[in-house]
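Engineer: What follows is start09.cif; its format and atoms are mmCIF, C-alpha atoms.
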```cif
data_query
loop_
_atom_site.group_PDB
_atom_site.id
_atom_site.type_symbol
_atom_site.label_atom_id
_atom_site.label_comp_id
_atom_site.auth_asym_id
_atom_site.auth_seq_id
_atom_site.Cartn_x
_atom_site.Cartn_y
_atom_site.Cartn_z
ATOM 1 C CA ASP A 1 47.146 152.266 64.557
ATOM 2 C CA LYS A 2 49.595 150.522 62.227
ATOM 3 C CA GLY A 3 52.396 152.908 63.154
ATOM 4 C CA THR A 4 52.562 151.581 66.688
ATOM 5 C CA VAL A 5 53.003 147.989 65.557
ATOM 6 C CA GLY A 6 56.242 148.713 63.697
ATOM 7 C CA LEU A 7 58.119 146.021 61.828
ATOM 8 C CA VAL A 8 55.883 143.186 63.005
ATOM 9 C CA HIS A 9 52.948 144.689 61.111
ATOM 10 C CA CYS A 10 54.747 145.778 57.931
ATOM 11 C CA GLY A 11 55.534 142.307 56.625
ATOM 12 C CA ALA A 12 58.921 141.695 58.217
ATOM 13 C CA VAL A 13 57.660 138.486 59.858
ATOM 14 C CA ASP A 14 56.440 137.218 56.488
ATOM 15 C CA ALA A 15 59.823 138.080 54.958
ATOM 16 C CA ALA A 16 61.687 136.182 57.689
ATOM 17 C CA CYS A 17 59.356 133.198 57.278
ATOM 18 C CA PHE A 18 59.855 133.255 53.499
ATOM 19 C CA ALA A 19 63.643 133.338 53.869
ATOM 20 C CA LEU A 20 63.564 130.374 56.235
ATOM 21 C CA VAL A 21 61.250 128.316 54.050
ATOM 22 C CA SER A 22 63.462 129.143 51.065
ATOM 23 C CA SER A 23 66.497 127.805 52.930
ATOM 24 C CA ALA A 24 64.844 124.382 53.182
ATOM 25 C CA LEU A 25 64.143 122.421 50.026
ATOM 26 C CA SER A 26 60.591 121.211 49.661
ATOM 27 C CA PRO A 27 60.084 117.440 49.713
ATOM 28 C CA GLY A 28 59.971 115.630 46.417
ATOM 29 C CA ASP A 29 62.590 114.727 43.889
ATOM 30 C CA GLN A 30 64.824 117.733 44.496
ATOM 31 C CA GLN A 31 68.256 117.096 45.884
ATOM 32 C CA PRO A 32 70.475 119.698 47.496
ATOM 33 C CA GLY A 33 72.557 121.546 44.945
ATOM 34 C CA PRO A 34 76.158 122.574 45.222
ATOM 35 C CA ALA A 35 76.995 124.226 48.506
ATOM 36 C CA ASN A 36 77.250 127.888 47.599
ATOM 37 C CA GLY A 37 76.199 129.208 50.981
ATOM 38 C CA ARG A 38 72.942 130.772 49.743
ATOM 39 C CA ALA A 39 70.710 128.499 51.819
ATOM 40 C CA GLU A 40 72.874 129.027 54.892
ATOM 41 C CA ARG A 41 72.692 132.806 54.423
ATOM 42 C CA LEU A 42 68.904 132.599 54.098
ATOM 43 C CA THR A 43 68.749 130.587 57.319
ATOM 44 C CA LYS A 44 70.912 133.130 59.130
ATOM 45 C CA PHE A 45 68.968 136.114 57.741
ATOM 46 C CA GLY A 46 65.587 134.549 58.522
ATOM 47 C CA LEU A 47 66.429 133.476 62.065
ATOM 48 C CA GLU A 48 68.246 136.709 62.941
ATOM 49 C CA THR A 49 65.311 138.757 61.622
ATOM 50 C CA PHE A 50 62.659 136.622 63.328
ATOM 51 C CA HIS A 51 64.436 136.793 66.691
ATOM 52 C CA CYS A 52 64.906 140.545 66.326
ATOM 53 C CA LEU A 53 61.152 140.883 65.814
ATOM 54 C CA LEU A 54 60.486 138.634 68.796
ATOM 55 C CA SER A 55 62.690 140.869 70.926
ATOM 56 C CA ASP A 56 60.307 143.763 70.201
ATOM 57 C CA LEU A 57 57.651 141.781 72.078
ATOM 58 C CA ASP A 58 59.853 141.184 75.114
ATOM 59 C CA VAL A 59 58.932 143.960 77.512
ATOM 60 C CA SER A 60 61.570 142.800 79.996
ATOM 61 C CA ALA A 61 64.374 143.490 77.500
ATOM 62 C CA SER A 62 66.157 146.738 78.015
ATOM 63 C CA SER A 63 65.530 149.376 75.408
ATOM 64 C CA THR A 64 66.403 152.984 74.931
ATOM 65 C CA GLY A 65 62.839 154.196 74.536
ATOM 66 C CA PRO A 66 59.701 153.942 76.612
ATOM 67 C CA PRO A 67 58.150 150.486 76.822
ATOM 68 C CA PRO A 68 55.203 149.842 74.500
ATOM 69 C CA SER A 69 51.738 150.245 75.941
ATOM 70 C CA LYS A 70 49.711 147.135 76.742
ATOM 71 C CA GLU A 71 47.472 147.851 73.737
ATOM 72 C CA ASP A 72 50.473 148.180 71.411
ATOM 73 C CA LEU A 73 51.901 144.938 72.759
ATOM 74 C CA VAL A 74 48.630 143.112 72.097
ATOM 75 C CA LEU A 75 48.543 144.532 68.546
ATOM 76 C CA MET A 76 52.121 143.409 67.918
ATOM 77 C CA GLN A 77 51.510 139.923 69.344
ATOM 78 C CA THR A 78 48.370 139.525 67.245
ATOM 79 C CA ALA A 79 50.219 140.674 64.110
ATOM 80 C CA LEU A 80 53.017 138.191 64.836
ATOM 81 C CA VAL A 81 50.580 135.312 65.366
ATOM 82 C CA GLU A 82 48.654 136.166 62.198
ATOM 83 C CA ALA A 83 51.892 136.243 60.184
ATOM 84 C CA VAL A 84 53.155 132.960 61.644
ATOM 85 C CA VAL A 85 49.912 131.077 60.954
ATOM 86 C CA ARG A 86 49.854 132.424 57.375
ATOM 87 C CA ASN A 87 53.165 130.642 56.855
ATOM 88 C CA ALA A 88 52.431 126.964 57.503
ATOM 89 C CA ASP A 89 55.590 125.911 55.626
ATOM 90 C CA PHE A 90 57.613 128.004 58.093
ATOM 91 C CA ILE A 91 56.071 126.119 61.020
ATOM 92 C CA LYS A 92 56.727 122.789 59.304
ATOM 93 C CA ALA A 93 60.369 123.676 58.562
ATOM 94 C CA LEU A 94 60.927 124.610 62.219
ATOM 95 C CA VAL A 95 59.308 121.363 63.407
ATOM 96 C CA ALA A 96 61.423 119.345 60.945
ATOM 97 C CA THR A 97 64.535 121.126 62.252
ATOM 98 C CA LEU A 98 63.524 120.258 65.820
ATOM 99 C CA LEU A 99 63.038 116.582 64.966
ATOM 100 C CA ILE A 100 66.221 115.913 63.003
ATOM 101 C CA ASN A 101 69.323 114.584 64.637
ATOM 102 C CA ASP A 102 72.566 116.452 64.108
ATOM 103 C CA SER A 103 73.841 114.233 61.293
ATOM 104 C CA ALA A 104 70.533 113.798 59.477
ATOM 105 C CA PRO A 105 70.387 116.667 56.943
ATOM 106 C CA ALA A 106 73.324 115.461 54.872
ATOM 107 C CA ASN A 107 72.153 111.836 54.869
ATOM 108 C CA MET A 108 68.407 112.445 54.700
ATOM 109 C CA ASN A 109 66.396 110.501 52.140
ATOM 110 C CA ILE A 110 63.436 112.760 51.507
ATOM 111 C CA ARG A 111 61.329 109.908 50.118
ATOM 112 C CA THR A 112 61.543 107.635 53.166
ATOM 113 C CA ASP A 113 62.386 109.808 56.154
ATOM 114 C CA PRO A 114 59.190 110.154 58.239
ATOM 115 C CA VAL A 115 60.019 113.712 59.329
ATOM 116 C CA THR A 116 60.441 114.969 55.765
ATOM 117 C CA LEU A 117 57.454 112.985 54.532
ATOM 118 C CA VAL A 118 55.228 114.752 57.040
ATOM 119 C CA TYR A 119 56.822 118.155 57.703
ATOM 120 C CA GLY A 120 59.145 118.645 54.736
ATOM 121 C CA ARG A 121 62.838 119.373 54.856
ATOM 122 C CA PRO A 122 64.438 121.077 57.846
ATOM 123 C CA LEU A 123 66.226 124.393 57.582
ATOM 124 C CA THR A 124 69.659 124.370 56.035
ATOM 125 C CA LEU A 125 72.015 124.511 58.986
ATOM 126 C CA TYR A 126 75.589 125.744 59.248
ATOM 127 C CA GLU A 127 78.355 125.862 61.822
ATOM 128 C CA GLY A 128 78.473 128.939 64.005
ATOM 129 C CA PRO A 129 76.332 131.219 66.153
ATOM 130 C CA CYS A 130 72.937 132.531 65.115
ATOM 131 C CA ALA A 131 70.605 135.082 66.704
ATOM 132 C CA GLY A 132 72.410 134.895 70.039
ATOM 133 C CA PHE A 133 72.380 131.086 70.130
ATOM 134 C CA ALA A 134 75.282 128.658 69.760
ATOM 135 C CA ASN A 135 74.002 127.434 66.392
ATOM 136 C CA PRO A 136 71.079 127.875 63.978
ATOM 137 C CA ARG A 137 69.311 124.715 65.142
ATOM 138 C CA GLN A 138 69.018 126.128 68.668
ATOM 139 C CA ALA A 139 67.808 129.445 67.215
ATOM 140 C CA ALA A 140 65.198 127.596 65.114
ATOM 141 C CA ILE A 141 63.944 125.607 68.098
ATOM 142 C CA SER A 142 63.655 128.809 70.120
ATOM 143 C CA ALA A 143 61.732 130.439 67.251
ATOM 144 C CA LEU A 144 59.345 127.461 67.182
ATOM 145 C CA PHE A 145 58.743 127.532 70.931
ATOM 146 C CA SER A 146 58.342 131.323 70.963
ATOM 147 C CA SER A 147 55.808 131.034 68.139
ATOM 148 C CA ALA A 148 53.992 128.324 70.081
ATOM 149 C CA PHE A 149 53.917 130.552 73.167
ATOM 150 C CA TYR A 150 52.418 133.519 71.303
ATOM 151 C CA CYS A 151 49.934 131.311 69.431
ATOM 152 C CA ALA A 152 48.822 129.706 72.706
ATOM 153 C CA SER A 153 48.553 133.126 74.369
ATOM 154 C CA GLU A 154 46.301 134.524 71.646
ATOM 155 C CA THR A 155 42.782 134.515 73.099
ATOM 156 C CA SER A 156 40.929 135.309 69.861
ATOM 157 C CA GLY A 157 41.677 131.901 68.362
ATOM 158 C CA ALA A 158 43.990 133.366 65.708
ATOM 159 C CA GLY A 159 46.740 130.970 66.811
ATOM 160 C CA GLU A 160 44.682 127.818 66.264
ATOM 161 C CA PRO A 161 46.099 127.137 62.744
ATOM 162 C CA PHE A 162 49.575 126.886 64.318
ATOM 163 C CA TRP A 163 48.457 123.876 66.347
ATOM 164 C CA GLU A 164 46.617 122.361 63.392
ATOM 165 C CA THR A 165 49.834 122.593 61.381
ATOM 166 C CA LEU A 166 51.998 121.248 64.207
ATOM 167 C CA LEU A 167 49.665 118.309 64.756
ATOM 168 C CA MET A 168 49.091 117.856 61.011
ATOM 169 C CA GLU A 169 45.306 118.073 61.434
ATOM 170 C CA MET A 170 44.720 119.978 58.193
ATOM 171 C CA ASP A 171 47.341 118.342 55.991
ATOM 172 C CA SER A 172 46.233 116.729 52.755
ATOM 173 C CA LYS A 173 49.501 115.042 51.748
ATOM 174 C CA SER A 174 49.319 111.435 50.739
ATOM 175 C CA VAL A 175 51.134 110.267 53.865
ATOM 176 C CA ASP A 176 49.415 107.572 55.886
ATOM 177 C CA ASN A 177 47.772 108.628 59.129
ATOM 178 C CA ASN A 178 50.061 106.474 61.298
ATOM 179 C CA THR A 179 53.129 108.304 59.974
ATOM 180 C CA LYS A 180 51.458 111.676 60.513
ATOM 181 C CA GLN A 181 50.432 110.732 64.017
ATOM 182 C CA ALA A 182 53.899 109.427 64.897
ATOM 183 C CA ALA A 183 55.557 112.605 63.606
ATOM 184 C CA ALA A 184 53.078 114.832 65.460
ATOM 185 C CA VAL A 185 53.620 112.897 68.700
ATOM 186 C CA ALA A 186 57.392 113.216 68.250
ATOM 187 C CA ALA A 187 57.005 116.976 67.730
ATOM 188 C CA CYS A 188 54.942 117.294 70.914
ATOM 189 C CA ALA A 189 57.361 115.141 72.899
ATOM 190 C CA ALA A 190 60.405 117.085 71.756
#
```
Hey, can you dump this file as structure tokens for me?
Structural biologist:
Amino acid sequence: DKGTVGLVHCGAVDAACFALVSSALSPGDQQPGPANGRAERLTKFGLETFHCLLSDLDVSASSTGPPPSKEDLVLMQTALVEAVVRNADFIKALVATLLINDSAPANMNIRTDPVTLVYGRPLTLYEGPCAGFANPRQAAISALFSSAFYCASETSGAGEPFWETLLMEMDSKSVDNNTKQAAAVAACAA
């Protein structure tokens, strides 16, 4: 029953993923444009929305209504996993955000930086709180780890593309295998 799955099923996860991917420039010859705040607003919108959707899956969180049934929870988790794995660029942007150091985005050379060569550009970050975290980088890392948790918990195998994306198993970019392997190891170690 699609009605019981709520926002997770109606495309809100895809919308949040799209906003986050849009906040990060894709690798290539593009350079960041003038700072007009659009990318930062997309980051904030995407992370706030994604974490709001994740909170629907947290049965320990207090709510005003009755808790969802076990079946509804499984439907919502499956819908979340399916949406996350459909958005490989979202996963890559979160991994890139995890792997950057705090000063990197402004100084990043997208042609030589191993993180951007493999995973693409990180999310556009800004100063200030986001989704209940001290800053958007912490919110992005939490979103990545929450996604990993739900993808690992999915017993049907629907979460497998998440791990293939994280480990760059299915990537066809013209980046040498040593660089891919080093970036994937760094992502796992982080």
Engineer: Ranking A:Phe149, A:Ala24, A:Arg137, A:Ala158 by minimum distance to A:Thr116 and counting only C-alpha atoms, which one comes first?
Structural biologist: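 Of A:Phe149, A:Ala24, A:Arg137, A:Ala158, the one nearest A:Thr116 is A:Ala24, counting only C-alpha atoms.
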Engineer: What does the distance from atom CA of A:Ile141 to atom CA of A:Ser22 come to in Å, to one decimal?
Structural biologist: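 Interatomic distance, atom CA of A:Ile141 to atom CA of A:Ser22: 17.4 Å.
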Engineer: Once the PyMOL selection byres ((chain A and resi 6-20) around 9) has been evaluated on this model, what residues remain selected, and can you format them as a PyMOL selection string?
Structural biologist: chain A and resi 2-5+21-24+39+42-50+53-54+56+75-77+79-80+83-84+86-87+89-91+93-94+123-124
Engineer: In Å, how far is it from atom CA of A:Val85 to atom CA of A:Pro129?
Structural biologist: 26.9 Å
Engineer: Could you give me the centre and size, in Å to one decimal, of an axis-aligned box around all listed atoms of stretch 141-156 of chain A with 8 Å added on every side, as AutoDock Vina command-line options?
Structural biologist:
```
--center_x 52.4 --center_y 130.5 --center_z 70.8 --size_x 39.0 --size_y 25.7 --size_z 23.2
```
Engineer: Can you work out the spacing between atom CA of A:Arg38 and atom CA of A:Met168 in Å, to one decimal?
Structural biologist: 29.4 Å
